[in-house]
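Source file: start08.cif (mmCIF, C-alpha atoms)
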data_final
#
loop_
_atom_site.label_atom_id
_atom_site.label_comp_id
_atom_site.auth_asym_id
_atom_site.auth_seq_id
_atom_site.Cartn_x
_atom_site.Cartn_y
_atom_site.Cartn_z
CA MET A 1 103.77 94.30 81.62
CA SER A 2 100.89 94.61 84.10
CA ARG A 3 98.24 91.93 84.33
CA GLU A 4 95.31 91.74 81.93
CA MET A 5 92.27 93.37 83.52
CA ILE A 6 89.86 92.82 80.59
CA VAL A 7 89.99 89.94 78.13
CA CYS A 8 87.60 89.72 75.17
CA LYS A 9 87.76 86.52 73.13
CA ASN A 10 86.01 86.29 69.75
CA LEU A 11 83.39 88.78 70.92
CA GLU A 12 80.29 88.98 68.73
CA LYS A 13 77.08 90.95 68.93
CA THR A 14 74.11 90.73 66.59
CA PHE A 15 70.85 92.61 67.10
CA GLU A 16 67.60 91.05 65.97
CA THR A 17 65.40 93.57 64.16
CA SER A 18 62.15 93.51 62.19
CA ARG A 19 64.28 93.49 59.05
CA GLY A 20 66.42 90.60 60.20
CA PRO A 21 69.67 90.18 62.11
CA VAL A 22 72.11 93.11 62.18
CA PRO A 23 75.69 92.13 63.08
CA VAL A 24 77.50 94.90 65.01
CA ILE A 25 80.63 93.26 66.48
CA ASP A 26 82.54 90.66 64.46
CA GLN A 27 84.98 88.32 66.26
CA VAL A 28 86.85 90.90 68.36
CA THR A 29 89.68 89.63 70.56
CA LEU A 30 91.20 92.28 72.82
CA GLN A 31 93.14 92.58 76.08
CA VAL A 32 93.21 95.67 78.32
CA HIS A 33 95.92 95.87 80.97
CA GLU A 34 95.59 96.98 84.57
CA ASN A 35 95.65 100.80 84.91
CA GLU A 36 95.84 101.21 81.13
CA LEU A 37 93.89 104.00 79.45
CA LEU A 38 92.77 102.37 76.23
CA VAL A 39 90.84 104.28 73.57
CA LEU A 40 88.44 102.61 71.15
CA PHE A 41 88.57 104.86 68.11
CA GLY A 42 86.68 104.60 64.84
CA PRO A 43 83.93 106.02 62.64
CA GLY A 44 80.57 106.98 64.13
CA GLN A 45 78.01 104.20 64.61
CA CYS A 46 80.61 101.49 64.05
CA GLY A 47 79.85 99.57 67.25
CA LYS A 48 82.22 101.13 69.80
CA SER A 49 79.45 101.82 72.32
CA THR A 50 78.09 98.31 71.88
CA MET A 51 81.59 97.02 72.61
CA ILE A 52 81.78 98.70 75.99
CA ASN A 53 78.18 97.76 76.78
CA CYS A 54 79.14 94.12 76.29
CA MET A 55 82.39 94.57 78.23
CA SER A 56 80.57 96.24 81.14
CA GLY A 57 77.76 93.68 81.21
CA LEU A 58 75.01 96.10 80.19
CA GLU A 59 74.37 94.00 77.08
CA ALA A 60 74.79 90.28 76.56
CA ALA A 61 77.21 89.22 73.84
CA THR A 62 75.87 86.99 71.08
CA GLY A 63 79.11 85.03 70.93
CA GLY A 64 82.52 84.88 72.53
CA THR A 65 83.40 85.86 76.09
CA VAL A 66 84.38 88.86 78.20
CA GLU A 67 86.33 88.53 81.44
CA VAL A 68 87.10 91.29 83.95
CA SER A 69 89.62 90.48 86.69
CA GLY A 70 89.50 86.84 85.60
CA LYS A 71 85.73 86.52 86.02
CA GLN A 72 83.32 86.10 83.12
CA VAL A 73 81.02 89.09 82.63
CA GLU A 74 77.35 88.13 82.60
CA LYS A 75 75.69 91.21 84.11
CA PRO A 76 76.62 94.68 85.44
CA GLY A 77 78.59 94.80 88.68
CA PRO A 78 80.13 97.31 91.10
CA ASP A 79 83.60 96.45 89.79
CA ARG A 80 82.65 98.19 86.52
CA GLY A 81 81.65 101.85 86.25
CA VAL A 82 80.22 103.62 83.20
CA VAL A 83 80.25 107.31 82.27
CA TYR A 84 78.06 108.32 79.33
CA GLN A 85 77.97 111.33 77.02
CA ARG A 86 74.69 112.49 78.54
CA MET A 87 74.94 112.15 82.28
CA ALA A 88 71.94 110.50 83.94
CA LEU A 89 72.30 112.49 87.13
CA PHE A 90 69.39 112.40 89.55
CA PRO A 91 67.90 115.91 89.29
CA TRP A 92 66.39 115.73 92.79
CA LEU A 93 69.76 114.97 94.41
CA THR A 94 72.57 117.39 95.14
CA VAL A 95 76.14 116.90 93.94
CA MET A 96 76.89 115.08 97.19
CA GLY A 97 73.74 112.99 96.87
CA ASN A 98 74.60 111.93 93.33
CA VAL A 99 78.23 111.11 94.09
CA GLU A 100 77.48 109.08 97.22
CA TYR A 101 74.50 107.28 95.67
CA GLY A 102 76.28 104.03 94.74
CA PRO A 103 77.93 103.47 98.13
CA LYS A 104 74.62 104.40 99.81
CA VAL A 105 72.73 101.74 97.85
CA ARG A 106 75.40 99.20 98.81
CA GLY A 107 74.83 99.99 102.48
CA ILE A 108 78.10 101.76 103.26
CA PRO A 109 77.74 103.78 106.49
CA LYS A 110 76.98 107.47 106.05
CA LYS A 111 80.22 108.80 107.54
CA GLU A 112 82.38 106.54 105.38
CA ARG A 113 80.52 107.20 102.14
CA ARG A 114 80.43 110.97 102.77
CA GLU A 115 84.18 111.04 103.31
CA ARG A 116 84.73 109.02 100.15
CA ALA A 117 82.33 111.20 98.14
CA GLN A 118 83.97 114.39 99.42
CA HIS A 119 87.37 113.07 98.33
CA TYR A 120 86.19 112.61 94.74
CA ILE A 121 84.21 115.84 94.68
CA ASP A 122 87.40 117.65 95.68
CA LEU A 123 89.40 115.67 93.14
CA VAL A 124 87.20 116.73 90.20
CA GLY A 125 87.30 120.38 91.29
CA LEU A 126 83.77 120.76 92.64
CA LYS A 127 84.56 121.65 96.26
CA GLY A 128 81.97 124.20 97.36
CA PHE A 129 79.26 122.78 95.07
CA GLU A 130 78.29 119.83 97.28
CA ASN A 131 74.79 121.23 97.88
CA SER A 132 74.12 122.32 94.29
CA TYR A 133 71.63 120.52 92.06
CA PRO A 134 72.41 119.37 88.49
CA ASN A 135 70.30 122.12 86.89
CA GLN A 136 72.50 124.68 88.66
CA LEU A 137 75.67 123.33 87.01
CA SER A 138 77.23 123.78 83.59
CA GLY A 139 77.61 120.82 81.23
CA GLY A 140 81.26 120.40 82.14
CA MET A 141 80.48 120.50 85.85
CA GLN A 142 77.75 117.91 85.42
CA GLN A 143 80.24 115.66 83.67
CA ARG A 144 82.65 116.10 86.59
CA VAL A 145 79.86 114.93 88.90
CA GLY A 146 79.42 111.86 86.70
CA ILE A 147 83.13 111.07 86.85
CA ALA A 148 83.21 111.57 90.62
CA ARG A 149 80.15 109.31 91.00
CA ALA A 150 81.78 106.58 88.94
CA TYR A 151 85.06 106.80 90.88
CA CYS A 152 83.22 106.86 94.22
CA ASN A 153 82.05 103.30 93.60
CA GLU A 154 85.77 102.42 93.39
CA PRO A 155 85.40 100.15 90.34
CA ASP A 156 88.28 98.13 88.93
CA VAL A 157 87.37 99.30 85.41
CA LEU A 158 85.83 102.53 84.17
CA PHE A 159 84.10 102.65 80.78
CA MET A 160 83.65 106.11 79.25
CA ASP A 161 81.39 106.43 76.22
CA GLU A 162 82.22 109.73 74.44
CA PRO A 163 81.79 111.58 77.75
CA PHE A 164 82.89 114.95 76.35
CA GLY A 165 81.21 114.67 72.95
CA HIS A 166 78.40 117.18 73.65
CA LEU A 167 80.64 119.85 75.21
CA ASP A 168 81.93 122.93 73.42
CA ALA A 169 85.52 122.76 72.19
CA GLN A 170 87.10 124.78 75.01
CA THR A 171 85.28 122.87 77.76
CA ARG A 172 86.18 119.61 76.06
CA TYR A 173 89.89 120.46 76.15
CA LEU A 174 89.64 121.39 79.83
CA MET A 175 87.81 118.14 80.63
CA GLN A 176 90.50 116.13 78.85
CA GLU A 177 93.14 117.82 80.99
CA ASP A 178 91.10 117.22 84.14
CA LEU A 179 90.57 113.56 83.28
CA MET A 180 94.31 113.08 82.88
CA LYS A 181 94.97 114.66 86.30
CA ILE A 182 92.32 112.45 87.93
CA TRP A 183 93.54 109.29 86.19
CA GLU A 184 97.15 109.95 87.21
CA LYS A 185 96.12 110.46 90.86
CA GLU A 186 93.50 107.68 91.06
CA LYS A 187 94.68 105.03 88.63
CA ARG A 188 91.97 102.85 87.10
CA THR A 189 91.75 100.71 84.02
CA VAL A 190 89.85 102.98 81.62
CA VAL A 191 88.25 102.10 78.28
CA PHE A 192 87.40 105.38 76.54
CA VAL A 193 85.28 105.63 73.38
CA THR A 194 85.70 108.55 70.98
CA ASN A 195 85.59 109.42 67.30
CA ASN A 196 87.77 112.50 67.86
CA ILE A 197 91.34 111.78 66.75
CA GLU A 198 92.98 114.57 68.80
CA GLU A 199 91.18 113.42 71.93
CA ALA A 200 92.26 109.82 71.32
CA ILE A 201 95.96 110.71 70.98
CA TYR A 202 95.86 113.17 73.89
CA LEU A 203 94.43 110.61 76.32
CA ALA A 204 95.50 107.13 75.27
CA ASP A 205 98.20 104.74 76.35
CA ARG A 206 96.98 102.65 73.44
CA ILE A 207 94.52 103.31 70.61
CA VAL A 208 92.53 100.47 69.06
CA VAL A 209 91.25 101.51 65.63
CA MET A 210 87.94 99.88 64.73
CA THR A 211 86.45 99.27 61.30
CA ASN A 212 82.99 100.22 60.22
CA CYS A 213 80.03 98.09 61.30
CA PRO A 214 80.17 95.14 61.88
CA THR A 215 83.23 96.30 63.71
CA ARG A 216 86.58 94.53 63.87
CA ILE A 217 90.02 95.65 65.03
CA LYS A 218 91.85 97.32 62.15
CA LYS A 219 95.07 98.33 63.91
CA GLU A 220 96.53 99.20 67.32
CA TYR A 221 98.86 102.03 68.28
CA VAL A 222 100.87 102.36 71.48
CA ILE A 223 101.05 106.10 72.20
CA ASP A 224 104.43 106.65 73.79
CA LEU A 225 104.30 110.44 74.12
CA PRO A 226 105.12 112.20 77.41
CA ARG A 227 102.25 113.75 79.34
CA PRO A 228 100.88 116.38 79.32
CA ARG A 229 100.68 116.16 75.54
CA ASN A 230 100.87 119.00 73.07
CA TYR A 231 98.37 119.09 70.20
CA VAL A 232 100.87 120.78 67.88
CA ASP A 233 103.85 118.58 68.76
CA LYS A 234 105.49 117.15 65.63
CA GLU A 235 105.00 113.52 66.68
CA PHE A 236 101.41 114.23 67.76
CA LEU A 237 100.63 115.62 64.32
CA ARG A 238 102.38 112.72 62.59
CA LEU A 239 100.30 110.20 64.54
CA ARG A 240 97.17 112.19 63.78
CA GLY A 241 97.80 111.92 60.05
CA GLU A 242 98.74 108.24 60.15
CA ILE A 243 95.78 107.14 62.28
CA SER A 244 93.33 109.27 60.29
CA ALA A 245 94.49 107.53 57.11
CA VAL A 246 93.99 104.11 58.70
CA VAL A 247 90.46 105.05 59.80
CA ASP A 248 89.63 106.26 56.30
CA LYS A 249 90.69 102.85 54.94
CA ALA A 250 88.66 101.14 57.66
CA LEU A 251 85.36 102.52 56.33
#
Could you render the structure as structure tokens?
Amino acid sequence: MSREMIVCKNLEKTFETSRGPVPVIDQVTLQVHENELLVLFGPGQCGKSTMINCMSGLEAATGGTVEVSGKQVEKPGPDRGVVYQRMALFPWLTVMGNVEYGPKVRGIPKKERRERAQHYIDLVGLKGFENSYPNQLSGGMQQRVGIARAYCNEPDVLFMDEPFGHLDAQTRYLMQEDLMKIWEKEKRTVVFVTNNIEEAIYLADRIVVMTNCPTRIKKEYVIDLPRPRNYVDKEFLRLRGEISAVVDKAL
């Protein structure tokens, strides 16, 4: 078994509101292994996004601890990348400008960062679009830019918060296939959030099923299906039914 890249111990998160405290995460203990693609799966608004925000350092946990590569997470860092459903691409920058932005801010020389950015632009299938602006790209292409930008920072861990949720069904399937190709070529530890059961089974090494809010771990599944996976494979469909039933009970 590979080493543990992320370790959450008794993780808690409560938001203070005008109507009083609202608990969102309830005593979650979880380990994510190096180069594992782990999917957090559960009902909408159950706290999955808050989980990865705490794991990435974008939000402070109320209780418990999060460690990445053996170091306690207290704030965001370049070792952790995040890809959101709605990509916050800089509209005034080209594809190249967006992808190389992180290394540029960190002071990496132009030649080196351009070579690195070009590598990831090619990897996500956007060669020839280096000088295009976000408003000239489709939703799927914009999401590819976001993935390339995250990879270009060369993080140890990549958090993906329903990155394909706003895409049409056909584009979503294509993006899932593309993500698998990228992940297999450029291995990273990935924590992927979704409430789409087919997407979870198609992508995951392991699925962690979460309860409704305040969220806890209901059950875990190791997905030992060969890749690329087939949505109508008998075992795929069996897992779909079993996990769906567990989620229904988790509400």
Expanded to explicit residues, what is the PyMOL selection byres ((chain A and resi 10-13) around 12) for this file, as a PDB file with C-alpha atoms, in the coordinates of the input?
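After the write, out.pdb holds the following:
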ATOM      1  CA  VAL A   7      89.990  89.940  78.130  1.00  0.00           C
ATOM      2  CA  CYS A   8      87.600  89.720  75.170  1.00  0.00           C
ATOM      3  CA  LYS A   9      87.760  86.520  73.130  1.00  0.00           C
ATOM      4  CA  THR A  14      74.110  90.730  66.590  1.00  0.00           C
ATOM      5  CA  PHE A  15      70.850  92.610  67.100  1.00  0.00           C
ATOM      6  CA  GLU A  16      67.600  91.050  65.970  1.00  0.00           C
ATOM      7  CA  PRO A  21      69.670  90.180  62.110  1.00  0.00           C
ATOM      8  CA  VAL A  22      72.110  93.110  62.180  1.00  0.00           C
ATOM      9  CA  PRO A  23      75.690  92.130  63.080  1.00  0.00           C
ATOM     10  CA  VAL A  24      77.500  94.900  65.010  1.00  0.00           C
ATOM     11  CA  ILE A  25      80.630  93.260  66.480  1.00  0.00           C
ATOM     12  CA  ASP A  26      82.540  90.660  64.460  1.00  0.00           C
ATOM     13  CA  GLN A  27      84.980  88.320  66.260  1.00  0.00           C
ATOM     14  CA  VAL A  28      86.850  90.900  68.360  1.00  0.00           C
ATOM     15  CA  THR A  29      89.680  89.630  70.560  1.00  0.00           C
ATOM     16  CA  LEU A  30      91.200  92.280  72.820  1.00  0.00           C
ATOM     17  CA  GLN A  31      93.140  92.580  76.080  1.00  0.00           C
ATOM     18  CA  GLY A  47      79.850  99.570  67.250  1.00  0.00           C
ATOM     19  CA  LYS A  48      82.220 101.130  69.800  1.00  0.00           C
ATOM     20  CA  SER A  49      79.450 101.820  72.320  1.00  0.00           C
ATOM     21  CA  THR A  50      78.090  98.310  71.880  1.00  0.00           C
ATOM     22  CA  MET A  51      81.590  97.020  72.610  1.00  0.00           C
ATOM     23  CA  ILE A  52      81.780  98.700  75.990  1.00  0.00           C
ATOM     24  CA  ASN A  53      78.180  97.760  76.780  1.00  0.00           C
ATOM     25  CA  CYS A  54      79.140  94.120  76.290  1.00  0.00           C
ATOM     26  CA  MET A  55      82.390  94.570  78.230  1.00  0.00           C
ATOM     27  CA  GLU A  59      74.370  94.000  77.080  1.00  0.00           C
ATOM     28  CA  ALA A  60      74.790  90.280  76.560  1.00  0.00           C
ATOM     29  CA  ALA A  61      77.210  89.220  73.840  1.00  0.00           C
ATOM     30  CA  THR A  62      75.870  86.990  71.080  1.00  0.00           C
ATOM     31  CA  GLY A  63      79.110  85.030  70.930  1.00  0.00           C
ATOM     32  CA  GLY A  64      82.520  84.880  72.530  1.00  0.00           C
ATOM     33  CA  THR A  65      83.400  85.860  76.090  1.00  0.00           C
ATOM     34  CA  VAL A  66      84.380  88.860  78.200  1.00  0.00           C
ATOM     35  CA  GLU A  67      86.330  88.530  81.440  1.00  0.00           C
ATOM     36  CA  VAL A  73      81.020  89.090  82.630  1.00  0.00           C
ATOM     37  CA  CYS A 213      80.030  98.090  61.300  1.00  0.00           C
ATOM     38  CA  PRO A 214      80.170  95.140  61.880  1.00  0.00           C
ATOM     39  CA  THR A 215      83.230  96.300  63.710  1.00  0.00           C
ATOM     40  CA  ARG A 216      86.580  94.530  63.870  1.00  0.00           C
ATOM     41  CA  ILE A 217      90.020  95.650  65.030  1.00  0.00           C
TER      42      ILE A 217
END
Atomic separation - CA of Glu130 (chain A) relative to CA of Asn153 (chain A), Å |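 Distance between the two atoms: 17.3 Å.
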Write out as CSV the residues of region 35-99 of chain A that have any atom within 12 Å of an atom of region 181-203 of chain A, one row each with the nearest atom pair and its distance in Å to one decimal, counting only C-alpha atoms, sorted by chain and then rising number.
residue,atom,partner,partner_atom,distance
A:Asn35,CA,A:Thr189,CA,4.0
A:Glu36,CA,A:Thr189,CA,5.0
A:Leu37,CA,A:Val190,CA,4.7
A:Leu38,CA,A:Val191,CA,5.0
A:Val39,CA,A:Phe192,CA,4.7
A:Leu40,CA,A:Val193,CA,4.9
A:Phe41,CA,A:Thr194,CA,5.5
A:Gly42,CA,A:Asn195,CA,5.5
A:Pro43,CA,A:Asn195,CA,6.0
A:Gly44,CA,A:Asn195,CA,6.4
A:Gln45,CA,A:Asn195,CA,9.6
A:Cys46,CA,A:Asn195,CA,9.9
A:Gly47,CA,A:Val193,CA,10.2
A:Lys48,CA,A:Val193,CA,6.5
A:Ser49,CA,A:Val193,CA,7.0
A:Thr50,CA,A:Val193,CA,10.4
A:Met51,CA,A:Val193,CA,9.4
A:Ile52,CA,A:Val191,CA,7.7
A:Asn53,CA,A:Val191,CA,11.1
A:Met55,CA,A:Val191,CA,9.5
A:Ser56,CA,A:Val191,CA,10.1
A:Val68,CA,A:Thr189,CA,10.5
A:Ser69,CA,A:Thr189,CA,10.8
A:Asp79,CA,A:Thr189,CA,10.9
A:Arg80,CA,A:Thr189,CA,9.8
A:Gly81,CA,A:Val190,CA,9.5
A:Val82,CA,A:Val191,CA,9.5
A:Val83,CA,A:Phe192,CA,9.4
A:Tyr84,CA,A:Val193,CA,9.7
A:Gln85,CA,A:Val193,CA,10.0
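Here CA of Leu126 (chain A) stands at a distance of 8.0 Å from CA of Val145 (chain A).
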Care to translate the PyMOL selection byres ((chain A and resi 223) around 8) into actual residues of this file, as a PyMOL selection string?
-> chain A and resi 201+204-207+221-222+224-225
Could you tell me how far CA of Gly125 (chain A) lies from CA of Asn230 (chain A), in Å and to one decimal?
->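 For CA of Gly125 (chain A) relative to CA of Asn230 (chain A), the distance reads 22.8 Å.
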Which residues, written as a PyMOL selection string, have at least one atom at most 12 Å from Gln142 (chain A), with all atoms listed in the file counted and residues fewer than 6 positions away on the same chain left out?
-> chain A and resi 83-91+94-95+98-99+121+124-126+129+132-136+148-149+163-164+166-167+171+175
Hey, which of A:Thr17, A:Ile6, A:Gln72, A:Leu93 ends up closest to Asn131 (chain A)? Count only C-alpha atoms.
->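 Ranking A:Thr17, A:Ile6, A:Gln72, A:Leu93 by distance to Asn131 (chain A), first place goes to A:Leu93.
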Determine the nearest neighbour of Arg229 (chain A) from the options A:Ile108, A:Met180, A:Leu158, A:Val247, counting only C-alpha atoms.
->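 The shortest atom-to-atom distance to Arg229 (chain A) comes from A:Met180.
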Write out as a PyMOL selection string each polymer residue whose atoms come within 10 Å of Arg240 (chain A), counting all atoms listed in the file; drop sequence neighbours fewer than 2 positions from it.
-> chain A and resi 197-198+200-201+231+234-238+242-245
Add whatever atoms are absent from region 63-85 of chain A to reach N, CA, C and O atoms, and provide the output as a compact mmCIF listing (two decimals), in the frame of the given file.
# COMPACT_ATOMS: atom_id res chain seq x y z
N GLY A 63 78.10 86.09 70.98
CA GLY A 63 79.11 85.03 70.93
C GLY A 63 80.40 85.50 71.57
O GLY A 63 80.63 86.70 71.75
N GLY A 64 81.25 84.55 71.90
CA GLY A 64 82.52 84.88 72.53
C GLY A 64 82.35 85.16 74.02
O GLY A 64 81.27 84.98 74.59
N THR A 65 83.42 85.62 74.64
CA THR A 65 83.40 85.86 76.09
C THR A 65 84.10 87.16 76.44
O THR A 65 84.94 87.66 75.70
N VAL A 66 83.72 87.71 77.61
CA VAL A 66 84.38 88.86 78.20
C VAL A 66 84.70 88.51 79.64
O VAL A 66 83.82 88.03 80.38
N GLU A 67 85.94 88.72 80.05
CA GLU A 67 86.33 88.53 81.44
C GLU A 67 86.90 89.83 81.99
O GLU A 67 87.65 90.53 81.31
N VAL A 68 86.53 90.16 83.22
CA VAL A 68 87.10 91.29 83.95
C VAL A 68 87.65 90.74 85.25
O VAL A 68 86.95 90.06 86.01
N SER A 69 88.93 91.00 85.50
CA SER A 69 89.62 90.48 86.69
C SER A 69 89.50 88.96 86.78
O SER A 69 89.36 88.40 87.88
N GLY A 70 89.53 88.30 85.62
CA GLY A 70 89.50 86.84 85.60
C GLY A 70 88.13 86.22 85.74
O GLY A 70 88.00 84.99 85.73
N LYS A 71 87.08 87.04 85.86
CA LYS A 71 85.73 86.52 86.02
C LYS A 71 84.90 86.86 84.79
O LYS A 71 84.94 87.99 84.30
N GLN A 72 84.13 85.88 84.31
CA GLN A 72 83.32 86.10 83.12
C GLN A 72 82.21 87.10 83.40
O GLN A 72 81.53 87.03 84.42
N VAL A 73 82.04 88.05 82.49
CA VAL A 73 81.02 89.09 82.63
C VAL A 73 79.69 88.55 82.12
O VAL A 73 79.57 88.14 80.97
N GLU A 74 78.69 88.57 82.98
CA GLU A 74 77.35 88.13 82.60
C GLU A 74 76.29 89.19 82.88
O GLU A 74 75.20 89.15 82.31
N LYS A 75 76.61 90.14 83.77
CA LYS A 75 75.69 91.21 84.11
C LYS A 75 76.50 92.36 84.69
O LYS A 75 77.68 92.20 85.02
N PRO A 76 75.89 93.57 84.84
CA PRO A 76 76.62 94.68 85.44
C PRO A 76 77.04 94.37 86.87
O PRO A 76 76.42 93.55 87.55
N GLY A 77 78.11 95.01 87.32
CA GLY A 77 78.59 94.80 88.68
C GLY A 77 79.31 96.02 89.20
O GLY A 77 79.74 96.89 88.42
N PRO A 78 79.48 96.14 90.52
CA PRO A 78 80.13 97.31 91.10
C PRO A 78 81.60 97.44 90.76
O PRO A 78 82.20 98.49 90.99
N ASP A 79 82.20 96.37 90.20
CA ASP A 79 83.60 96.45 89.79
C ASP A 79 83.77 97.15 88.45
O ASP A 79 84.88 97.36 87.99
N ARG A 80 82.63 97.52 87.82
CA ARG A 80 82.65 98.19 86.52
C ARG A 80 81.78 99.44 86.56
O ARG A 80 80.59 99.36 86.85
N GLY A 81 82.40 100.60 86.29
CA GLY A 81 81.65 101.85 86.25
C GLY A 81 81.53 102.35 84.82
O GLY A 81 82.37 102.05 83.97
N VAL A 82 80.46 103.10 84.55
CA VAL A 82 80.22 103.62 83.20
C VAL A 82 79.89 105.11 83.28
O VAL A 82 79.09 105.53 84.11
N VAL A 83 80.54 105.89 82.40
CA VAL A 83 80.25 107.31 82.27
C VAL A 83 79.81 107.55 80.82
O VAL A 83 80.54 107.21 79.88
N TYR A 84 78.61 108.11 80.66
CA TYR A 84 78.06 108.32 79.33
C TYR A 84 78.22 109.77 78.87
O TYR A 84 78.55 110.65 79.65
N GLN A 85 77.91 109.98 77.57
CA GLN A 85 77.97 111.33 77.02
C GLN A 85 76.94 112.23 77.70
O GLN A 85 77.24 113.37 78.06
